[in-house]
>>> print(open('start23.cif').read())   # mmCIF, C-alpha atoms
data_input
loop_
_atom_site.label_atom_id
_atom_site.label_comp_id
_atom_site.auth_asym_id
_atom_site.auth_seq_id
_atom_site.Cartn_x
_atom_site.Cartn_y
_atom_site.Cartn_z
CA MET A 657 63.05 187.18 -4.60
CA GLU A 658 60.49 188.38 -7.12
CA CYS A 659 60.06 187.80 -10.85
CA PRO A 660 56.90 189.53 -12.12
CA ILE A 661 56.37 187.40 -15.26
CA LEU A 662 56.90 183.65 -15.01
CA VAL A 663 56.49 181.02 -17.74
CA VAL A 664 55.98 177.34 -16.91
CA ALA A 665 58.01 175.27 -19.38
CA GLU A 666 56.59 171.97 -20.63
CA HIS A 667 58.82 169.18 -21.89
CA PHE A 668 58.66 165.52 -22.83
CA ASP A 669 61.38 163.04 -23.76
CA GLU A 670 64.06 165.68 -23.06
CA LYS A 671 62.52 168.05 -25.62
CA LEU A 672 60.58 171.25 -25.05
CA SER A 673 56.90 171.06 -25.97
CA SER A 674 55.86 173.17 -28.96
CA VAL A 675 53.96 175.61 -26.72
CA THR A 676 56.95 176.53 -24.53
CA LEU A 677 58.97 178.82 -26.81
CA PRO A 678 55.90 180.84 -27.95
CA LEU A 679 54.92 181.21 -24.28
CA ILE A 680 58.36 182.61 -23.55
CA MET A 681 57.98 185.09 -26.42
CA GLN A 682 54.65 186.21 -24.95
CA GLY A 683 56.22 186.50 -21.52
CA ARG A 684 59.11 188.54 -22.94
CA HIS A 685 56.66 190.96 -24.53
CA LEU A 686 54.81 191.43 -21.24
CA ALA A 687 58.03 191.87 -19.28
CA ASP A 688 59.34 194.48 -21.72
CA ARG A 689 56.09 196.44 -21.62
CA ASN A 690 56.27 196.41 -17.83
CA ALA A 691 60.05 197.05 -17.65
CA SER A 692 60.42 193.92 -15.52
CA GLU A 693 62.14 190.56 -15.55
CA LEU A 694 60.97 187.39 -17.24
CA GLY A 695 61.50 184.06 -15.55
CA ILE A 696 61.02 180.45 -16.61
CA VAL A 697 60.33 177.59 -14.24
CA VAL A 698 61.05 174.01 -15.26
CA LEU A 699 60.66 170.83 -13.23
CA GLY A 700 62.13 167.44 -14.04
CA SER A 701 65.11 165.14 -13.74
CA GLY A 702 68.31 165.33 -15.75
CA LEU A 703 67.56 168.81 -17.05
CA GLU A 704 71.05 169.77 -18.26
CA SER A 705 70.31 169.97 -21.98
CA LEU A 706 66.95 171.69 -21.45
CA LEU A 707 68.50 174.28 -19.14
CA GLU A 708 71.12 175.09 -21.75
CA GLU A 709 68.39 175.65 -24.34
CA LEU A 710 66.09 177.62 -22.04
CA ALA A 711 68.92 179.94 -21.00
CA THR A 712 69.09 181.33 -24.55
CA THR A 713 65.37 181.82 -25.24
CA GLY A 714 65.08 185.42 -24.05
CA ALA A 715 64.37 185.08 -20.32
CA ASP A 716 66.30 186.77 -17.52
CA ARG A 717 66.20 183.82 -15.12
CA VAL A 718 65.52 180.10 -15.31
CA TYR A 719 64.34 178.57 -12.05
CA PHE A 720 64.65 174.80 -11.98
CA VAL A 721 63.99 171.87 -9.68
CA ASP A 722 65.95 168.77 -10.74
CA GLU A 723 64.94 165.72 -8.72
CA PRO A 724 64.55 162.00 -9.61
CA GLU A 725 60.93 162.06 -8.39
CA LEU A 726 60.13 164.62 -11.13
CA LYS A 727 61.31 162.49 -14.04
CA HIS A 728 57.73 161.86 -15.19
CA TYR A 729 54.96 164.43 -15.04
CA ASN A 730 52.82 163.64 -12.00
CA PRO A 731 50.16 166.32 -11.37
CA GLU A 732 50.09 165.72 -7.64
CA ILE A 733 53.86 166.10 -7.17
CA TYR A 734 54.24 168.87 -9.74
CA THR A 735 51.49 170.90 -8.05
CA GLU A 736 53.23 170.66 -4.69
CA VAL A 737 56.63 171.63 -6.08
CA MET A 738 55.19 174.47 -8.17
CA HIS A 739 53.48 175.79 -5.05
CA GLN A 740 56.83 175.90 -3.28
CA VAL A 741 58.51 177.66 -6.21
CA LEU A 742 55.77 180.26 -6.58
CA THR A 743 55.82 180.99 -2.86
CA THR A 744 59.49 181.90 -3.23
CA VAL A 745 59.48 183.66 -6.60
CA LEU A 746 56.19 185.57 -6.05
CA PRO A 747 55.26 186.25 -9.70
CA GLN A 748 52.52 188.65 -10.73
CA ILE A 749 51.57 186.67 -13.84
CA VAL A 750 52.13 182.95 -14.42
CA LEU A 751 51.81 181.77 -18.03
CA LEU A 752 50.94 178.19 -18.99
CA GLY A 753 49.92 176.63 -22.26
CA TYR A 754 46.28 175.69 -22.72
CA THR A 755 47.35 172.06 -23.05
CA PHE A 756 46.50 168.87 -21.18
CA VAL A 757 49.22 169.78 -18.68
CA GLY A 758 48.12 173.41 -18.41
CA MET A 759 44.45 172.49 -17.99
CA GLU A 760 45.36 170.13 -15.15
CA LEU A 761 48.15 172.06 -13.46
CA GLY A 762 46.62 175.56 -13.66
CA PRO A 763 43.54 174.92 -11.48
CA ALA A 764 45.56 172.86 -9.00
CA ILE A 765 48.16 175.61 -8.57
CA ALA A 766 45.44 178.25 -8.28
CA VAL A 767 43.81 176.36 -5.42
CA ARG A 768 47.12 175.92 -3.59
CA THR A 769 48.36 179.51 -4.06
CA GLY A 770 45.11 181.43 -3.99
CA LEU A 771 45.94 183.12 -7.31
CA LYS A 772 43.15 183.84 -9.77
CA LEU A 773 43.04 181.60 -12.85
CA LEU A 774 41.85 182.47 -16.35
CA SER A 775 41.87 179.50 -18.70
CA ASN A 776 41.77 179.22 -22.50
CA CYS A 777 42.96 182.79 -23.11
CA THR A 778 43.73 184.13 -26.57
CA GLY A 779 45.41 187.39 -25.63
CA VAL A 780 46.97 189.36 -22.79
CA GLU A 781 47.95 193.02 -22.72
CA LEU A 782 49.72 194.71 -19.82
CA THR A 783 50.15 198.47 -19.36
CA ASN A 784 50.68 200.76 -16.39
CA GLN A 785 46.94 201.39 -16.30
CA SER A 786 45.40 197.95 -16.87
CA LEU A 787 45.79 194.25 -17.49
CA VAL A 788 43.44 193.10 -20.28
CA ILE A 789 42.79 189.41 -20.96
CA THR A 790 40.94 188.14 -24.05
CA CYS A 791 38.96 184.89 -23.83
CA PRO A 792 36.58 183.15 -26.28
CA LEU A 793 32.97 182.42 -25.31
CA TYR A 794 30.09 180.47 -26.84
CA ARG A 795 32.28 177.94 -28.65
CA GLY A 796 34.50 180.68 -30.02
CA ALA A 797 31.66 182.68 -31.56
CA VAL A 798 32.62 185.82 -29.61
CA ASN A 799 35.61 187.10 -27.65
CA VAL A 800 35.41 189.00 -24.39
CA LYS A 801 38.01 191.33 -22.89
CA ILE A 802 38.37 191.24 -19.12
CA GLU A 803 40.15 194.15 -17.47
CA PHE A 804 42.07 193.86 -14.21
CA ASP A 805 44.06 196.19 -12.04
CA PRO A 806 47.69 195.78 -13.26
CA ARG A 807 48.73 194.65 -9.77
CA THR A 808 46.36 191.65 -9.86
CA ARG A 809 48.18 188.33 -9.56
CA LEU A 810 46.97 185.83 -12.15
CA ILE A 811 47.58 182.43 -13.65
CA LEU A 812 46.82 182.41 -17.39
CA SER A 813 46.66 179.44 -19.74
CA LEU A 814 47.03 180.56 -23.35
CA GLN A 815 46.07 178.96 -26.64
CA GLU A 816 49.17 177.97 -28.57
CA SER A 817 47.72 179.14 -31.89
CA GLU A 818 47.44 182.71 -30.54
CA LEU A 819 50.99 183.02 -29.21
CA PRO A 820 53.70 185.11 -30.94
CA ARG A 821 56.40 183.47 -33.07
CA GLN A 822 59.02 186.20 -33.38
CA PRO A 823 62.69 185.27 -32.76
CA ALA A 824 63.99 185.38 -29.20
CA THR A 825 65.90 188.40 -27.96
CA GLN A 826 69.61 187.93 -27.48
CA ARG A 827 70.33 187.48 -23.78
CA LYS A 828 71.70 184.83 -21.44
CA ALA A 829 69.50 183.86 -18.52
CA VAL A 830 70.77 183.21 -15.02
CA LEU A 831 70.18 179.61 -13.94
CA GLN A 832 68.89 179.28 -10.41
CA LYS A 833 68.29 175.97 -8.67
CA MET A 834 65.30 176.11 -6.36
CA PRO A 835 65.04 174.23 -3.08
CA ALA A 836 62.00 171.99 -3.00
CA SER A 837 60.71 169.20 -0.84
CA VAL A 838 59.29 166.33 -2.88
CA GLY A 839 57.05 164.41 -0.51
CA ASN A 840 55.11 161.19 -0.86
CA SER A 841 52.41 160.99 -3.50
CA ARG A 842 49.18 159.04 -3.56
CA THR A 843 49.72 158.41 -7.28
CA GLU A 844 52.62 156.94 -9.19
CA VAL A 845 53.45 157.31 -12.88
CA VAL A 846 54.91 154.04 -14.07
CA GLY A 847 55.36 155.01 -17.73
CA PHE A 848 53.73 156.31 -20.87
CA VAL A 849 51.97 154.43 -23.64
CA ARG A 850 53.26 155.94 -26.87
CA PRO A 851 51.28 155.76 -30.10
CA GLU A 852 52.82 154.08 -33.10
CA PRO A 853 54.84 156.54 -35.21
CA GLY A 854 52.60 158.03 -37.88
CA GLU A 855 53.45 158.12 -41.55
CA VAL A 856 52.11 161.65 -42.06
CA ASP A 857 52.77 165.05 -40.52
CA ILE A 858 49.76 167.27 -41.08
CA THR A 859 51.62 170.27 -39.58
CA GLU A 860 53.77 170.36 -42.73
CA ALA A 861 50.90 170.07 -45.25
CA ASN A 862 50.08 172.93 -47.62
CA ILE A 863 46.60 171.57 -48.29
CA ILE A 864 44.41 169.78 -45.73
CA VAL A 865 41.00 168.20 -46.22
CA ALA A 866 39.52 167.70 -42.77
CA VAL A 867 36.43 165.71 -41.82
CA GLY A 868 34.17 165.84 -38.80
CA ARG A 869 31.16 164.10 -37.33
CA GLY A 870 29.01 165.56 -40.11
CA ILE A 871 30.29 162.97 -42.59
CA GLN A 872 27.95 160.58 -40.69
CA GLU A 873 29.54 157.31 -41.85
CA LYS A 874 33.12 156.04 -41.82
CA GLU A 875 32.85 155.09 -45.48
CA ASN A 876 32.42 158.76 -46.38
CA ILE A 877 36.00 159.45 -45.33
CA LYS A 878 36.95 158.01 -48.72
CA LEU A 879 35.27 161.00 -50.39
CA ALA A 880 37.52 163.41 -48.48
CA GLU A 881 40.59 161.24 -49.08
CA ALA A 882 39.90 161.35 -52.82
CA LEU A 883 39.82 165.14 -52.72
CA ALA A 884 43.00 165.30 -50.63
CA ASN A 885 44.76 163.02 -53.13
CA ALA A 886 43.53 165.07 -56.10
CA LEU A 887 44.88 168.25 -54.50
CA ASP A 888 48.13 166.61 -53.34
CA GLY A 889 47.10 167.29 -49.76
CA LEU A 890 46.57 165.34 -46.54
CA ILE A 891 43.49 164.12 -44.72
CA ALA A 892 42.78 165.37 -41.17
CA CYS A 893 39.88 165.26 -38.73
CA SER A 894 38.26 166.66 -35.62
CA ARG A 895 38.38 164.87 -32.29
CA PRO A 896 35.09 162.93 -32.53
CA LEU A 897 36.47 160.87 -35.39
CA THR A 898 39.61 159.87 -33.49
CA ASP A 899 37.43 159.03 -30.49
CA LEU A 900 35.42 156.73 -32.76
CA GLY A 901 38.62 155.18 -34.11
CA TRP A 902 37.84 156.22 -37.68
CA LEU A 903 41.20 157.97 -38.10
CA PRO A 904 44.42 157.71 -36.02
CA PRO A 905 45.42 160.49 -33.57
CA GLU A 906 48.17 161.88 -35.81
CA HIS A 907 45.42 163.18 -38.12
CA GLN A 908 43.58 165.14 -35.40
CA VAL A 909 43.48 168.93 -35.52
CA GLY A 910 42.65 171.00 -32.46
CA MET A 911 43.59 171.77 -28.89
CA SER A 912 44.04 168.08 -28.05
CA GLY A 913 45.53 167.34 -31.48
CA LYS A 914 47.83 169.38 -33.71
CA VAL A 915 47.97 173.03 -34.69
CA VAL A 916 48.15 173.48 -38.46
CA LYS A 917 48.59 176.49 -40.77
CA PRO A 918 48.19 175.20 -44.33
CA LYS A 919 47.65 177.36 -47.39
CA VAL A 920 44.22 175.74 -47.84
CA TYR A 921 42.05 174.08 -45.17
CA ILE A 922 38.84 172.42 -46.37
CA ALA A 923 36.55 171.58 -43.44
CA CYS A 924 34.00 168.91 -44.37
CA GLY A 925 31.18 168.27 -41.93
CA ILE A 926 32.99 170.05 -39.10
CA SER A 927 30.71 172.18 -36.92
CA GLY A 928 33.49 174.41 -35.62
CA ALA A 929 33.84 173.79 -31.88
CA SER A 930 36.35 176.16 -30.28
CA HIS A 931 38.76 173.31 -29.48
CA HIS A 932 38.98 172.47 -33.17
CA ILE A 933 39.07 176.06 -34.38
CA MET A 934 42.09 176.91 -32.25
CA GLY A 935 44.04 174.28 -34.17
CA MET A 936 43.35 175.59 -37.69
CA LYS A 937 42.02 179.16 -37.66
CA ASN A 938 45.34 180.61 -38.82
CA SER A 939 45.15 178.73 -42.13
CA ALA A 940 45.65 181.05 -45.10
CA LEU A 941 42.38 179.99 -46.78
CA ILE A 942 39.52 178.20 -45.02
CA ILE A 943 36.71 176.57 -47.00
CA ALA A 944 33.81 175.10 -45.00
CA ILE A 945 31.27 172.59 -46.28
CA ASN A 946 28.34 171.84 -44.00
CA THR A 947 24.60 171.19 -44.21
CA ASP A 948 23.97 173.45 -41.20
CA ALA A 949 23.93 177.10 -42.26
CA ASN A 950 24.39 178.13 -38.61
CA ALA A 951 27.50 176.02 -37.98
CA PRO A 952 30.17 178.11 -36.17
CA ILE A 953 32.79 177.05 -38.71
CA PHE A 954 31.21 179.51 -41.17
CA ASN A 955 32.14 182.38 -38.83
CA ILE A 956 35.85 181.92 -39.59
CA ALA A 957 35.66 180.45 -43.09
CA HIS A 958 36.70 182.58 -46.07
CA TYR A 959 34.29 180.59 -48.26
CA GLY A 960 31.33 178.51 -47.16
CA VAL A 961 29.22 175.94 -48.96
CA GLN A 962 25.93 174.70 -47.52
CA GLY A 963 25.15 171.30 -48.93
CA ASP A 964 25.54 167.53 -48.95
CA LEU A 965 29.14 166.31 -48.86
CA SER A 966 28.28 163.20 -50.87
CA GLN A 967 27.34 165.45 -53.79
CA ILE A 968 29.86 168.26 -53.37
CA LEU A 969 33.08 166.32 -52.79
CA PRO A 970 32.91 164.13 -55.92
CA GLU A 971 32.31 167.28 -57.99
CA LEU A 972 35.36 168.95 -56.42
CA VAL A 973 37.46 165.85 -57.12
CA ALA A 974 36.38 165.92 -60.75
CA ARG A 975 37.22 169.60 -61.06
CA ALA A 976 40.61 169.08 -59.39
CA ASN A 977 41.43 166.19 -61.74
CA ASP A 978 40.45 168.32 -64.74
CA VAL A 979 42.89 171.02 -63.63
CA VAL A 980 45.70 168.51 -63.18
CA THR A 981 45.14 166.87 -66.57
#
>>> encode(input="start23.cif", output="structure tokens")
Amino acid sequence: MECPILVVAEHFDEKLSSVTLPLIMQGRHLADRNASELGIVVLGSGLESLLEELATTGADRVYFVDEPELKHYNPEIYTEVMHQVLTTVLPQIVLLGYTFVGMELGPAIAVRTGLKLLSNCTGVELTNQSLVITCPLYRGAVNVKIEFDPRTRLILSLQESELPRQPATQRKAVLQKMPASVGNSRTEVVGFVRPEPGEVDITEANIIVAVGRGIQEKENIKLAEALANALDGLIACSRPLTDLGWLPPEHQVGMSGKVVKPKVYIACGISGASHHIMGMKNSALIIAINTDANAPIFNIAHYGVQGDLSQILPELVARANDVVT
């Protein structure tokens, strides 16, 4: 059997990960352009509810392996089972999210199958004449387009922030259980350590004031919090601050954090590494404040201010309070 376009579905706690449905929309677009079928592959245990949902997302087929050994994501076992599935389905293009799972599973599958892997992609176009992949380089400062023969077999991991969000087409997918041999593994997943439930959801915020390593001291977070409060917004941060323990993980924006699209995003002392940019670049208005005039964040900001946060933020708070009163 063959299914030219195949999406790898991610899920956790019996719920699809946020990247899965946009990946399916991207896969549907590619399949339609190529007049071919779109398939989804999902591994796990007790998949009934997920299969029911996946069958209505716009794919033609849903390939699944439902085994007790696949209850928890184990990269060693998942790689072996995915290899078996891909050997049977023979896709031309395999789509994964550029997530922790995708970054781990993509290279492992590529090694086992011999397929070429392009990671951290922001776009893919397929025509009868060419297959064009867009990838960021130099910390997101530039994008490159890589052209392949349309018959090239590839594994692509795509940034969630660049995936389409249009509604699914109306169709009912065929469910197809795949035979797979789940062998012994050198590793065992015994459980997951879940963070404490957060009190904020930055993905729903209209205004975000985000801080990065450039604030220099933990005490300076209070300056950004004051501005967020004055604007009725929420505080967020880049990964270095969560690594330092200055703010909890639910405040982190970026590839390893959350993707946000507020009306206003104020980046304070954030240099603009590509992993952070992919989590916020679709904000309606981006304002960057940084002492470094060459910081990459200024390349995507609508407005930029070069200066000292300790002087600029209190002034902004005062102005915001004046407007409110």
>>> atom_distance(input="start23.cif", atom1="atom CA of A:Ile968", atom2="atom CA of A:Asn955")
20.4 Å
>>> axis_aligned_box(input="start23.cif", around="stretch 924-938 of chain A", padding_each_side="3 Å", output="lines of an AutoDock Vina configuration file")
center_x = 38.0
center_y = 174.4
center_z = -36.9
size_x = 20.6
size_y = 18.3
size_z = 20.9
>>> residues_near_point(input="start23.cif", point="(56.6, 166.9, -39.0)", cutoff="12 Å", atoms="all atoms listed in the file", output="list of chain:residue names")
A:Ser674, A:Pro853, A:Gly854, A:Glu855, A:Val856, A:Asp857, A:Ile858, A:Thr859, A:Glu860, A:Ala861, A:Glu906, A:His907, A:Lys914, A:Val915, A:Val916
>>> residues_around(input="start23.cif", residues="stretch 894-905 of chain A", least_positions_apart="3", cutoff="6 Å", atoms="all atoms listed in the file", output="mmCIF file with C-alpha atoms, keeping the file's coordinate frame")
data_model
loop_
_atom_site.group_PDB
_atom_site.id
_atom_site.type_symbol
_atom_site.label_atom_id
_atom_site.label_comp_id
_atom_site.auth_asym_id
_atom_site.auth_seq_id
_atom_site.Cartn_x
_atom_site.Cartn_y
_atom_site.Cartn_z
ATOM 1 C CA GLY A 868 34.170 165.840 -38.800
ATOM 2 C CA GLN A 908 43.580 165.140 -35.400
ATOM 3 C CA VAL A 909 43.480 168.930 -35.520
#
>>> closest_residue(input="start23.cif", among="A:Ile943, A:Cys791, A:Lys671, A:Val961", to="A:Ser930", atoms="all atoms listed in the file")
A:Cys791
>>> resolve_selection(input="start23.cif", expression="the PyMOL selection byres ((chain A and resi 678-693) around 6)", output="ChimeraX atom specification")
/A:659,675-677,694,716,819-821
>>> resolve_selection(input="start23.cif", expression="the PyMOL selection byres ((chain A and resi 921-927) around 8)", output="PyMOL selection string")
chain A and resi 863-871+880+894+918-920+928-929+936+939-947+951-953+965
>>> closest_residue(input="start23.cif", among="A:Ile789, A:Ala665, A:Leu761, A:Val845", to="A:Leu706", atoms="all atoms listed in the file")
A:Ala665
>>> atom_distance(input="start23.cif", atom1="atom CA of A:Pro806", atom2="atom CA of A:Val788")
8.6 Å
>>> build_atoms(input="start23.cif", residues="stretch 960-978 of chain A", atoms="N, CA and C atoms", output="compact mmCIF listing (two decimals), in the frame of the given file")
# COMPACT_ATOMS: atom_id res chain seq x y z
N GLY A 960 32.18 179.52 -47.75
CA GLY A 960 31.33 178.51 -47.16
C GLY A 960 30.37 177.92 -48.18
N VAL A 961 30.15 176.63 -48.08
CA VAL A 961 29.22 175.94 -48.96
C VAL A 961 28.23 175.16 -48.09
N GLN A 962 26.95 175.46 -48.24
CA GLN A 962 25.93 174.70 -47.52
C GLN A 962 25.41 173.62 -48.45
N GLY A 963 25.61 172.37 -48.05
CA GLY A 963 25.15 171.30 -48.93
C GLY A 963 25.62 169.94 -48.48
N ASP A 964 25.27 168.93 -49.26
CA ASP A 964 25.54 167.53 -48.95
C ASP A 964 26.94 167.16 -49.43
N LEU A 965 27.77 166.68 -48.52
CA LEU A 965 29.14 166.31 -48.86
C LEU A 965 29.20 165.23 -49.95
N SER A 966 28.26 164.30 -49.92
CA SER A 966 28.28 163.20 -50.87
C SER A 966 28.07 163.69 -52.31
N GLN A 967 27.51 164.87 -52.46
CA GLN A 967 27.34 165.45 -53.79
C GLN A 967 28.44 166.44 -54.13
N ILE A 968 28.89 167.19 -53.12
CA ILE A 968 29.86 168.26 -53.37
C ILE A 968 31.28 167.73 -53.56
N LEU A 969 31.70 166.79 -52.72
CA LEU A 969 33.08 166.32 -52.79
C LEU A 969 33.42 165.63 -54.10
N PRO A 970 32.58 164.73 -54.62
CA PRO A 970 32.91 164.13 -55.92
C PRO A 970 33.04 165.18 -57.04
N GLU A 971 32.22 166.22 -56.98
CA GLU A 971 32.31 167.28 -57.99
C GLU A 971 33.64 168.02 -57.87
N LEU A 972 34.07 168.29 -56.63
CA LEU A 972 35.36 168.95 -56.42
C LEU A 972 36.51 168.08 -56.89
N VAL A 973 36.41 166.78 -56.65
CA VAL A 973 37.46 165.85 -57.12
C VAL A 973 37.54 165.89 -58.63
N ALA A 974 36.39 165.87 -59.29
CA ALA A 974 36.38 165.92 -60.75
C ALA A 974 36.99 167.19 -61.28
N ARG A 975 36.66 168.32 -60.63
CA ARG A 975 37.22 169.60 -61.06
C ARG A 975 38.73 169.63 -60.85
N ALA A 976 39.18 169.10 -59.69
CA ALA A 976 40.61 169.08 -59.39
C ALA A 976 41.37 168.22 -60.40
N ASN A 977 40.79 167.09 -60.74
CA ASN A 977 41.43 166.19 -61.74
C ASN A 977 41.50 166.85 -63.10
N ASP A 978 40.45 167.62 -63.46
CA ASP A 978 40.45 168.32 -64.74
C ASP A 978 41.58 169.34 -64.81
